[in-house]
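Participant: Sending over upload37.tsv (TSV, C-alpha atoms and all ligand atoms).
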```tsv
chain	number	residue	atom	x	y	z
A	10	MET	CA	0.00	0.00	0.00
A	11	ASN	CA	1.38	3.43	-0.87
A	12	ARG	CA	-1.58	5.74	-1.30
A	13	ILE	CA	-5.11	6.60	-0.19
A	14	VAL	CA	-7.39	8.20	-2.77
A	15	ASN	CA	-10.76	9.97	-2.49
A	16	ALA	CA	-10.04	11.05	1.08
A	17	ARG	CA	-11.68	13.93	2.90
A	18	LEU	CA	-9.34	15.78	5.26
A	19	ARG	CA	-10.40	17.83	8.25
A	20	ARG	CA	-10.53	21.63	7.78
A	21	ARG	CA	-10.01	21.28	4.01
A	22	GLN	CA	-12.52	21.25	1.15
A	23	GLY	CA	-12.69	18.58	-1.56
A	24	LEU	CA	-11.07	15.19	-2.04
A	25	PHE	CA	-7.39	14.30	-1.64
A	26	THR	CA	-4.82	11.68	-2.47
A	27	VAL	CA	-2.24	10.98	0.22
A	28	ARG	CA	0.93	9.19	-0.98
A	29	TRP	CA	3.81	7.76	0.98
A	30	THR	CA	7.15	6.02	0.45
A	31	ALA	CA	8.98	3.91	3.01
A	32	GLY	CA	6.47	4.81	5.72
A	33	VAL	CA	6.76	8.58	5.27
A	34	ILE	CA	4.16	10.84	3.62
A	35	ASP	CA	5.55	12.47	0.50
A	36	ALA	CA	2.46	14.15	-0.98
A	37	VAL	CA	-1.01	15.39	-0.04
A	38	GLU	CA	-2.65	16.27	-3.37
A	39	PRO	CA	-6.08	17.83	-3.99
A	40	GLN	CA	-8.15	15.93	-6.57
A	41	ALA	CA	-10.25	17.69	-9.20
A	42	ASP	CA	-12.78	14.83	-9.10
A	43	ALA	CA	-13.36	11.49	-7.46
A	44	LEU	CA	-10.92	8.90	-8.84
A	45	PRO	CA	-12.38	5.60	-9.98
A	46	VAL	CA	-10.76	2.61	-8.29
A	47	ALA	CA	-11.74	-0.54	-10.15
A	48	ALA	CA	-10.41	-3.40	-8.07
A	49	PRO	CA	-8.16	-3.38	-5.04
A	50	ASP	CA	-4.64	-3.31	-6.45
A	51	GLY	CA	-2.65	-3.69	-3.25
A	52	ASP	CA	-1.14	-0.21	-3.63
A	53	THR	CA	-4.30	1.87	-3.24
A	54	LEU	CA	-6.88	2.28	-0.51
A	55	ASP	CA	-10.10	3.97	-1.70
A	56	ALA	CA	-11.46	6.17	1.08
A	57	GLY	CA	-14.68	6.63	-0.88
A	58	GLY	CA	-15.15	10.22	0.24
A	59	ARG	CA	-14.80	9.35	3.93
A	60	LEU	CA	-12.63	11.16	6.45
A	61	VAL	CA	-8.95	10.31	6.80
A	62	ILE	CA	-7.31	11.58	9.96
A	63	PRO	CA	-4.02	11.16	11.77
A	64	PRO	CA	-4.38	8.40	14.41
A	65	LEU	CA	-6.52	8.75	17.49
A	66	VAL	CA	-4.44	9.47	20.60
A	67	GLU	CA	-5.19	7.97	24.03
A	68	PRO	CA	-3.60	10.44	26.47
A	69	HIS	CA	-4.46	8.81	29.80
A	70	ILE	CA	-4.92	5.15	30.63
A	71	HIS	CA	-3.77	2.73	33.32
A	72	LEU	CA	-2.57	-0.35	31.42
A	73	ASP	CA	-1.18	-1.92	34.60
A	74	ALA	CA	-4.68	-2.29	36.09
A	75	ALA	CA	-6.62	-2.97	32.87
A	76	LEU	CA	-8.70	-6.14	32.49
A	77	THR	CA	-8.71	-6.99	36.20
A	78	ALA	CA	-12.32	-6.15	37.15
A	79	GLY	CA	-13.91	-8.94	39.16
A	80	GLN	CA	-10.55	-10.51	40.09
A	81	PRO	CA	-10.93	-11.75	42.72
A	82	ARG	CA	-14.10	-9.78	43.49
A	83	TRP	CA	-16.22	-7.16	41.75
A	84	ASN	CA	-16.60	-3.60	43.00
A	85	LEU	CA	-20.21	-3.77	44.17
A	86	SER	CA	-20.72	-0.12	45.15
A	87	GLY	CA	-18.85	1.25	42.14
A	88	THR	CA	-17.05	3.78	44.32
A	89	LEU	CA	-13.44	4.93	44.11
A	90	PHE	CA	-12.82	3.69	47.64
A	91	GLU	CA	-14.12	0.17	47.08
A	92	GLY	CA	-12.09	0.20	43.87
A	93	ILE	CA	-8.93	0.87	45.91
A	94	GLU	CA	-9.82	-2.05	48.23
A	95	ARG	CA	-10.47	-4.42	45.30
A	96	TRP	CA	-7.24	-3.32	43.59
A	97	ALA	CA	-5.23	-4.04	46.75
A	98	GLU	CA	-6.53	-7.64	46.57
A	99	ARG	CA	-5.73	-7.96	42.86
A	100	LYS	CA	-2.35	-6.24	43.19
A	101	ALA	CA	-1.21	-9.02	45.52
A	102	LEU	CA	-1.66	-11.47	42.60
A	103	VAL	CA	0.16	-9.39	39.96
A	104	THR	CA	3.09	-11.02	38.17
A	105	ARG	CA	5.32	-9.74	35.39
A	106	ASP	CA	3.70	-12.02	32.80
A	107	ASP	CA	0.21	-11.10	34.00
A	108	THR	CA	1.00	-7.37	33.66
A	109	LYS	CA	2.51	-7.75	30.22
A	110	SER	CA	-0.22	-9.99	28.85
A	111	ARG	CA	-3.02	-7.65	30.02
A	112	ALA	CA	-1.17	-4.59	28.70
A	113	HIS	CA	-0.67	-6.18	25.27
A	114	ARG	CA	-4.32	-7.30	25.10
A	115	THR	CA	-5.47	-3.80	26.01
A	116	ILE	CA	-3.15	-2.18	23.46
A	117	ARG	CA	-4.71	-4.39	20.78
A	118	MET	CA	-8.15	-3.16	21.87
A	119	LEU	CA	-6.93	0.43	21.51
A	120	ALA	CA	-5.22	-0.19	18.17
A	121	ALA	CA	-8.37	-1.87	16.82
A	122	HIS	CA	-10.09	1.50	17.21
A	123	GLY	CA	-7.47	3.53	15.33
A	124	ILE	CA	-5.34	4.59	18.32
A	125	GLN	CA	-1.59	4.67	17.64
A	126	HIS	CA	-0.32	6.88	20.45
A	127	VAL	CA	-0.91	6.00	24.10
A	128	ARG	CA	0.17	7.49	27.42
A	129	THR	CA	-0.10	5.04	30.31
A	130	HIS	CA	0.36	5.74	33.98
A	131	VAL	CA	2.12	2.96	35.90
A	132	ASP	CA	2.01	2.66	39.67
A	133	VAL	CA	5.52	3.10	41.08
A	134	THR	CA	4.58	2.86	44.77
A	135	GLU	CA	5.96	-0.67	44.62
A	136	PRO	CA	9.38	-1.53	46.03
A	137	GLY	CA	11.41	-3.18	43.27
A	138	LEU	CA	9.39	-1.54	40.47
A	139	ALA	CA	8.71	-4.88	38.75
A	140	THR	CA	5.49	-3.61	37.15
A	141	LEU	CA	7.26	-0.58	35.73
A	142	GLN	CA	10.02	-2.79	34.30
A	143	ALA	CA	7.35	-4.97	32.67
A	144	MET	CA	5.64	-1.92	31.13
A	145	LEU	CA	8.93	-0.55	29.76
A	146	GLU	CA	9.36	-3.90	27.99
A	147	VAL	CA	5.80	-3.61	26.64
A	148	ARG	CA	6.71	-0.13	25.30
A	149	ASP	CA	9.33	-1.76	23.06
A	150	GLU	CA	7.37	-4.88	22.19
A	151	ALA	CA	4.23	-2.95	21.13
A	152	ARG	CA	5.98	-0.56	18.69
A	153	GLU	CA	4.33	-2.24	15.70
A	154	LEU	CA	0.96	-1.03	16.96
A	155	VAL	CA	1.48	2.05	19.14
A	156	ASP	CA	3.96	4.60	20.42
A	157	LEU	CA	3.66	4.21	24.18
A	158	GLN	CA	4.59	6.88	26.73
A	159	VAL	CA	5.07	5.61	30.28
A	160	VAL	CA	4.38	7.88	33.27
A	161	ALA	CA	5.79	7.15	36.73
A	162	PHE	CA	2.58	7.36	38.73
A	163	PRO	CA	2.85	7.32	42.54
A	164	GLN	CA	-0.62	5.87	43.27
A	165	GLU	CA	-0.07	6.03	47.06
A	166	GLY	CA	1.78	9.34	47.12
A	167	ILE	CA	5.34	10.61	46.96
A	168	GLU	CA	5.70	12.34	50.33
A	169	SER	CA	3.33	10.11	52.30
A	170	PHE	CA	4.54	6.76	50.92
A	171	PRO	CA	7.69	5.25	52.49
A	172	GLY	CA	10.60	5.76	50.09
A	173	GLY	CA	8.32	7.58	47.63
A	174	ARG	CA	10.91	10.07	46.43
A	175	ALA	CA	13.55	7.39	45.86
A	176	LEU	CA	11.09	5.25	43.88
A	177	MET	CA	10.25	8.21	41.63
A	178	ALA	CA	13.94	8.92	41.04
A	179	GLU	CA	14.56	5.24	40.29
A	180	ALA	CA	11.67	5.19	37.81
A	181	VAL	CA	13.20	8.14	35.96
A	182	ALA	CA	16.57	6.39	35.90
A	183	MET	CA	14.86	3.32	34.38
A	184	GLY	CA	13.62	5.45	31.48
A	185	VAL	CA	10.05	6.65	31.98
A	186	ASP	CA	8.85	9.28	29.52
A	187	ALA	CA	6.98	11.38	32.07
A	188	VAL	CA	6.90	12.13	35.78
A	189	GLY	CA	3.55	11.88	37.58
A	190	GLY	CA	2.06	12.81	40.93
A	191	ILE	CA	-1.08	12.72	43.04
A	192	PRO	CA	-0.88	15.75	45.35
A	193	HIS	CA	-4.52	15.67	46.49
A	194	PHE	CA	-3.97	12.15	47.86
A	195	GLU	CA	-0.95	13.06	50.01
A	196	ASN	CA	-1.71	13.13	53.75
A	197	THR	CA	-1.52	16.90	54.14
A	198	ARG	CA	-1.75	20.02	52.01
A	199	ASP	CA	1.93	20.71	52.74
A	200	GLN	CA	2.93	17.28	51.50
A	201	GLY	CA	0.87	17.80	48.35
A	202	VAL	CA	2.66	21.09	47.63
A	203	ALA	CA	6.06	19.53	48.37
A	204	SER	CA	5.29	16.62	46.04
A	205	VAL	CA	4.56	19.00	43.15
A	206	HIS	CA	7.86	20.86	43.62
A	207	PHE	CA	9.74	17.57	43.93
A	208	LEU	CA	8.26	16.07	40.75
A	209	MET	CA	8.76	19.27	38.75
A	210	ASP	CA	12.42	19.39	39.86
A	211	LEU	CA	12.87	15.76	38.87
A	212	ALA	CA	11.29	16.27	35.44
A	213	GLU	CA	13.22	19.46	34.72
A	214	ARG	CA	16.53	17.96	35.77
A	215	HIS	CA	16.07	14.88	33.59
A	216	ASP	CA	14.22	16.56	30.71
A	217	ARG	CA	11.00	14.54	31.05
A	218	LEU	CA	7.36	15.38	30.45
A	219	VAL	CA	5.02	15.84	33.43
A	220	ASP	CA	1.51	14.42	33.89
A	221	VAL	CA	-0.03	14.82	37.34
A	222	HIS	CA	-3.27	13.32	38.65
A	223	CYS	CA	-4.38	16.67	40.02
A	224	ASP	CA	-7.38	17.42	42.23
A	225	GLU	CA	-9.28	14.25	41.27
A	226	THR	CA	-11.95	14.89	43.89
A	227	ASP	CA	-15.14	16.90	44.39
A	228	ASP	CA	-13.48	18.78	47.27
A	229	PRO	CA	-13.62	22.47	46.30
A	230	GLN	CA	-10.67	23.09	48.66
A	231	SER	CA	-8.38	20.83	46.63
A	232	ARG	CA	-6.25	23.48	44.94
A	233	PHE	CA	-3.08	21.82	43.72
A	234	LEU	CA	-3.71	22.88	40.13
A	235	GLU	CA	-2.64	26.42	41.05
A	236	VAL	CA	0.59	25.01	42.54
A	237	LEU	CA	1.32	22.92	39.43
A	238	ALA	CA	0.44	25.76	37.04
A	239	GLU	CA	2.63	28.27	38.89
A	240	ALA	CA	5.55	25.83	38.94
A	241	ALA	CA	5.08	25.28	35.17
A	242	ARG	CA	4.90	29.05	34.56
A	243	VAL	CA	7.98	29.91	36.60
A	244	ARG	CA	10.05	27.17	34.93
A	245	GLY	CA	8.68	27.86	31.44
A	246	MET	CA	7.59	24.20	31.16
A	247	GLY	CA	3.85	24.65	30.46
A	248	PRO	CA	3.61	22.85	27.08
A	249	ARG	CA	5.41	19.84	28.61
A	250	VAL	CA	3.11	19.67	31.66
A	251	THR	CA	-0.33	18.05	31.87
A	252	ALA	CA	-2.91	18.32	34.62
A	253	SER	CA	-5.09	15.20	34.49
A	254	HIS	CA	-8.64	15.10	35.86
A	255	THR	CA	-8.76	18.44	37.79
A	256	THR	CA	-12.33	17.44	38.67
A	257	ALA	CA	-12.35	19.70	41.74
A	258	MET	CA	-12.54	22.59	39.27
A	259	GLY	CA	-16.14	21.54	38.68
A	260	SER	CA	-16.75	22.45	42.32
A	261	TYR	CA	-14.64	25.62	42.60
A	262	ASP	CA	-16.59	28.83	42.97
A	263	ASN	CA	-16.58	31.13	39.98
A	264	ALA	CA	-14.66	33.96	41.66
A	265	TYR	CA	-11.72	31.66	42.44
A	266	CYS	CA	-11.90	30.09	38.97
A	267	SER	CA	-11.76	33.48	37.33
A	268	LYS	CA	-8.46	34.22	39.09
A	269	LEU	CA	-7.17	30.70	38.44
A	270	PHE	CA	-7.79	30.92	34.68
A	271	ARG	CA	-5.48	33.92	34.44
A	272	LEU	CA	-2.66	31.78	35.82
A	273	LEU	CA	-3.58	28.78	33.65
A	274	LYS	CA	-3.34	30.91	30.52
A	275	GLN	CA	0.05	32.27	31.59
A	276	ALA	CA	1.29	28.76	32.33
A	277	GLY	CA	-0.06	27.25	29.08
A	278	LEU	CA	-0.25	23.72	30.42
A	279	ASN	CA	-2.38	20.86	29.03
A	280	PHE	CA	-5.52	19.25	30.45
A	281	VAL	CA	-6.93	15.73	30.25
A	282	SER	CA	-10.51	14.96	31.19
A	283	CYS	CA	-11.73	11.38	31.60
A	284	PRO	CA	-15.48	11.91	31.28
A	285	THR	CA	-16.82	8.37	31.67
A	286	GLU	CA	-14.60	7.60	34.66
A	287	SER	CA	-15.30	10.95	36.35
A	288	ILE	CA	-19.09	10.87	35.89
A	289	HIS	CA	-18.95	7.36	37.38
A	290	LEU	CA	-16.63	8.01	40.36
A	291	GLN	CA	-17.29	11.64	41.33
A	292	GLY	CA	-20.47	13.05	42.86
A	293	ARG	CA	-20.53	10.08	45.22
A	294	PHE	CA	-20.90	12.17	48.38
A	295	ASP	CA	-23.83	14.13	46.96
A	296	THR	CA	-27.51	13.38	47.36
A	297	TYR	CA	-29.42	15.58	44.89
A	298	PRO	CA	-28.60	17.63	42.96
A	299	LYS	CA	-25.53	15.54	42.10
A	300	ARG	CA	-22.44	17.16	40.64
A	301	ARG	CA	-21.12	15.86	37.34
A	302	GLY	CA	-17.61	15.79	38.74
A	303	LEU	CA	-15.81	16.92	35.61
A	304	THR	CA	-13.36	19.72	35.08
A	305	ARG	CA	-14.51	22.82	33.14
A	306	VAL	CA	-13.78	21.46	29.67
A	307	PRO	CA	-15.63	24.02	27.51
A	308	GLU	CA	-14.36	26.95	29.58
A	309	LEU	CA	-10.75	25.74	29.37
A	310	ASP	CA	-11.14	25.19	25.63
A	311	ARG	CA	-12.68	28.60	25.03
A	312	ALA	CA	-9.91	30.21	27.07
A	313	GLY	CA	-7.47	28.82	24.50
A	314	LEU	CA	-6.08	26.08	26.75
A	315	ASN	CA	-5.37	22.63	25.37
A	316	VAL	CA	-7.89	20.01	26.58
A	317	CYS	CA	-8.41	16.42	25.48
A	318	PHE	CA	-10.51	13.40	26.44
A	319	ALA	CA	-9.24	10.03	27.68
A	320	GLN	CA	-10.49	6.60	28.74
A	321	ASP	CA	-8.55	6.27	32.06
A	322	SER	CA	-9.66	2.68	32.70
A	323	ILE	CA	-10.72	-0.40	30.78
A	324	VAL	CA	-12.41	-3.12	32.85
A	325	ASP	CA	-10.59	-2.46	36.11
A	326	PRO	CA	-11.69	-2.12	39.76
A	327	TRP	CA	-12.62	1.54	39.23
A	328	TYR	CA	-14.49	1.30	35.94
A	329	PRO	CA	-16.02	-1.98	34.74
A	330	LEU	CA	-16.69	-1.08	31.10
A	331	GLY	CA	-14.61	0.07	28.13
A	332	ASN	CA	-13.53	-1.58	24.89
A	333	GLY	CA	-10.78	0.68	23.58
A	334	ASN	CA	-13.15	2.87	21.57
A	335	LEU	CA	-12.09	6.45	22.24
A	336	LEU	CA	-14.94	7.77	20.08
A	337	ARG	CA	-17.36	6.44	22.71
A	338	ILE	CA	-15.52	8.57	25.30
A	339	LEU	CA	-15.72	11.60	23.00
A	340	ASP	CA	-19.48	11.07	22.62
A	341	ALA	CA	-19.96	10.84	26.40
A	342	GLY	CA	-17.66	13.79	27.11
A	343	LEU	CA	-19.40	16.15	24.71
A	344	HIS	CA	-22.78	15.24	26.23
A	345	ILE	CA	-21.65	15.62	29.84
A	346	CYS	CA	-19.81	18.89	29.14
A	347	HIS	CA	-22.72	20.59	27.27
A	348	MET	CA	-20.71	20.63	24.06
A	349	LEU	CA	-23.22	19.66	21.40
A	350	GLY	CA	-23.51	23.17	19.97
A	351	TYR	CA	-23.05	23.45	16.20
A	352	ASP	CA	-19.50	24.80	16.35
A	353	ASP	CA	-18.42	22.15	18.85
A	354	LEU	CA	-19.77	19.38	16.61
A	355	GLN	CA	-17.83	20.60	13.57
A	356	ARG	CA	-14.51	20.12	15.38
A	357	ALA	CA	-15.36	17.36	17.84
A	358	LEU	CA	-12.45	15.13	16.81
A	359	ASP	CA	-9.94	17.75	18.01
A	360	PHE	CA	-10.43	16.40	21.53
A	361	VAL	CA	-9.18	12.90	20.64
A	362	THR	CA	-6.66	13.80	17.92
A	363	ASP	CA	-4.80	17.11	17.66
A	364	HIS	CA	-5.33	18.22	21.25
A	365	ALA	CA	-4.20	14.88	22.64
A	366	ALA	CA	-1.19	14.85	20.30
A	367	ARG	CA	-0.20	18.25	21.69
A	368	THR	CA	-0.56	16.91	25.24
A	369	LEU	CA	1.83	14.09	24.36
A	370	ALA	CA	4.19	16.65	22.74
A	371	LEU	CA	4.24	14.60	19.51
A	372	GLY	CA	5.21	17.63	17.41
A	373	GLU	CA	6.12	16.73	13.84
A	374	ARG	CA	5.67	13.03	14.47
A	375	TYR	CA	1.92	13.65	14.03
A	376	GLY	CA	-0.28	15.02	11.26
A	377	ILE	CA	-1.06	14.51	7.57
A	378	GLU	CA	1.80	16.51	6.06
A	379	PRO	CA	4.69	15.61	3.76
A	380	GLY	CA	7.68	14.44	5.77
A	381	ARG	CA	5.63	13.03	8.64
A	382	PRO	CA	5.05	9.33	9.38
A	383	ALA	CA	2.39	7.71	7.19
A	384	ASN	CA	0.16	7.05	10.19
A	385	LEU	CA	-3.42	7.43	8.96
A	386	VAL	CA	-6.88	6.35	10.02
A	387	LEU	CA	-9.88	5.98	7.72
A	388	LEU	CA	-13.15	6.68	9.51
A	389	SER	CA	-16.61	5.46	8.52
A	390	ALA	CA	-18.14	8.90	7.82
A	391	ASP	CA	-17.19	12.09	5.99
A	392	SER	CA	-17.04	14.71	8.77
A	393	ASP	CA	-16.56	15.14	12.52
A	394	TYR	CA	-20.30	15.65	12.92
A	395	GLU	CA	-21.27	12.54	10.95
A	396	VAL	CA	-18.68	10.38	12.71
A	397	LEU	CA	-20.18	11.42	16.01
A	398	ARG	CA	-23.83	11.23	14.95
A	399	THR	CA	-23.52	7.77	13.43
A	400	GLN	CA	-21.30	6.46	16.24
A	401	GLY	CA	-18.69	5.83	13.56
A	402	HIS	CA	-15.62	3.64	13.64
A	403	ALA	CA	-12.09	3.42	12.35
A	404	LEU	CA	-12.35	1.29	9.19
A	405	ALA	CA	-8.61	1.10	8.59
A	406	SER	CA	-5.51	2.05	10.51
A	407	ILE	CA	-2.25	2.54	8.62
A	408	ARG	CA	0.99	2.72	10.54
A	409	HIS	CA	4.29	3.64	8.93
A	410	GLY	CA	2.60	2.99	5.58
A	411	ARG	CA	1.32	-0.49	6.46
A	412	VAL	CA	-2.30	-1.45	7.14
A	413	VAL	CA	-2.40	-2.80	10.71
A	414	VAL	CA	-6.17	-2.95	11.20
A	415	ARG	CA	-9.19	-3.18	8.93
A	416	ARG	CA	-12.82	-3.20	9.97
A	417	THR	CA	-15.84	-3.88	7.81
A	418	ALA	CA	-18.52	-1.20	7.95
A	419	SER	CA	-21.80	-2.49	9.37
A	420	GLU	CA	-24.72	-2.44	6.97
A	421	VAL	CA	-28.45	-2.72	7.46
A	422	GLN	CA	-30.21	-5.27	5.28
A	423	TRP	CA	-33.87	-4.41	4.73
A	424	GLY	CA	-36.29	-7.39	4.68
A	501	FE2	FE	-5.91	8.12	36.02
```
How does the structure come out when it is put into structure tokens?

Facilitator:
Amino acid sequence: MNRIVNARLRRRQGLFTVRWTAGVIDAVEPQADALPVAAPDGDTLDAGGRLVIPPLVEPHIHLDAALTAGQPRWNLSGTLFEGIERWAERKALVTRDDTKSRAHRTIRMLAAHGIQHVRTHVDVTEPGLATLQAMLEVRDEARELVDLQVVAFPQEGIESFPGGRALMAEAVAMGVDAVGGIPHFENTRDQGVASVHFLMDLAERHDRLVDVHCDETDDPQSRFLEVLAEAARVRGMGPRVTASHTTAMGSYDNAYCSKLFRLLKQAGLNFVSCPTESIHLQGRFDTYPKRRGLTRVPELDRAGLNVCFAQDSIVDPWYPLGNGNLLRILDAGLHICHMLGYDDLQRALDFVTDHAARTLALGERYGIEPGRPANLVLLSADSDYEVLRTQGHALASIRHGRVVVRRTASEVQWG
């Protein structure tokens, strides 16, 4: 295969041919008319007027916990806290082979839906860091399907977990792509602040990206985002820093948020919202009305900040569903965030493509331009709006010029 014809491209009118050589795009040519493609010739994929996009990007998932729901017991209440209890039971059974096999199976689920870039958090509050070592091996082994970024994620804290700082430093020495944190989970506010400064120092010193689980709570007093944003601003690291979840922002009062947004814009950091996981786990201390428990996605977006959507979990103790389909998450996120206005619908895919690619700092490794990798996904409809409305799918995923996944479009047969 070395070209796609009759492709629609986002933000451009008409039909296009995209050509590549040795896995690199060498031309994106407008077509005067639709090109007839008689029979499949092995070199040409006929997009048939459907949308061709760069790959979907999954910016936040926990591959180390994926596919463990119900082992040994199900989370009956569905709460975050019972999830932590169930995970403690499952964690005791984790082996290197178990971690790697679940991660590979989950990556295939993601790749089957047109995802080729993935950022996974891996729990490093584990003496010996065997799970992290296993995931770094997966990063190499899965290159045929995805580019995997690994984040050192201190699930049980940095300051309040014994040896937490040393484990984070060791994880960086082992080669993680990004440094994580969980300041709202530390025992005290002071520890949370100290953890942010520690992890930013570590990332800056070793030239790593940053992705912090930040204020993942309904507590309106959880205000570590301002600490992270200020640290990013002062160090000039904003584009390399991501604040994940920030669900407390959904509970902040508007006066505080107004001041906070000024800082966020100065810092220029990235945001990840996990809408299905947050609507499921947050709001659990409310009676009625119940909060949605999401960060302020449309407000961040309209303020010019970079926001994207992510799955967070697939079939784990915190979230029992999920099948790798990021377009399902986009659908849910736009509903929950009141983003079904006309303009939002025309550019809906931004939140699972370009915005997520920016979060992962993919730069010129991403996009349909000459000189970039021939990583392309054919969708089942001709526009963002139609993909969303029809609950569309990735019909083909091309990686470095090679088709790695094909899916047959479903058809209705009338009696
Ligand atoms: Fe997470």

Participant: Name the residues in contact with Ala252 (chain A) at a cut-off of 10 Å, using only C-alpha atoms, excluding same-chain residues fewer than 6 positions from it; report them as a PyMOL selection string.

Facilitator: chain A and resi 189-190+219-224+233-234+237-238+278-282+316+368

Participant: Could you tell me which of A:Met209, A:Ala319, A:Leu272, A:Met10 comes closest to ligand FE2 501 (chain A) if we count all atoms listed in the file?

Facilitator: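 The answer is A:Ala319, which sits nearest to ligand FE2 501 (chain A).
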
Participant: My list of candidates is A:Leu269, A:Val413, A:Ala390, A:Val147. Which is closest to Arg59 (chain A) when distances are computed with only C-alpha atoms?

Facilitator: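 The shortest atom-to-atom distance to Arg59 (chain A) comes from A:Ala390.
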
Participant: What residues have any atom no more than 10 Å from ligand FE2 501 (chain A) when counting all atoms listed in the file, and can you list them as a PyMOL selection string?

Facilitator: chain A and resi 69-71+129-131+162+164+191+220-223+225+253-254+281-283+286-287+319-322+327

Participant: Neighbours of Pro81 (chain A) within 10 Å (all atoms listed in the file; same-chain residues fewer than 3 positions away dropped), as JSON, numbers by chain?

Facilitator: {"A": [77, 78, 84, 95, 96, 98, 99, 102]}

Participant: What is the distance, in Å and to one decimal place, between CA of Pro284 (chain A) and CA of Leu303 (chain A)?

Facilitator: 6.6 Å

Participant: Could you state the separation of CA of Gly410 (chain A) and CA of Val396 (chain A) in Å, given to one decimal place?

Facilitator: 23.6 Å

Participant: Determine, counting all atoms listed in the file, which protein, DNA and RNA residues have an atom within 7 Å of an atom of region 371-378 of chain A; residues of the same chain fewer than 5 positions away are not included. Present the result as JSON, numbers by chain.

Facilitator: {"A": [34, 37, 63, 366]}

Participant: Between A:Arg28, A:Arg398, A:Arg82, A:Arg381, which has the minimum distance to Gln355 (chain A) (counting only C-alpha atoms)?

Facilitator: A:Arg398
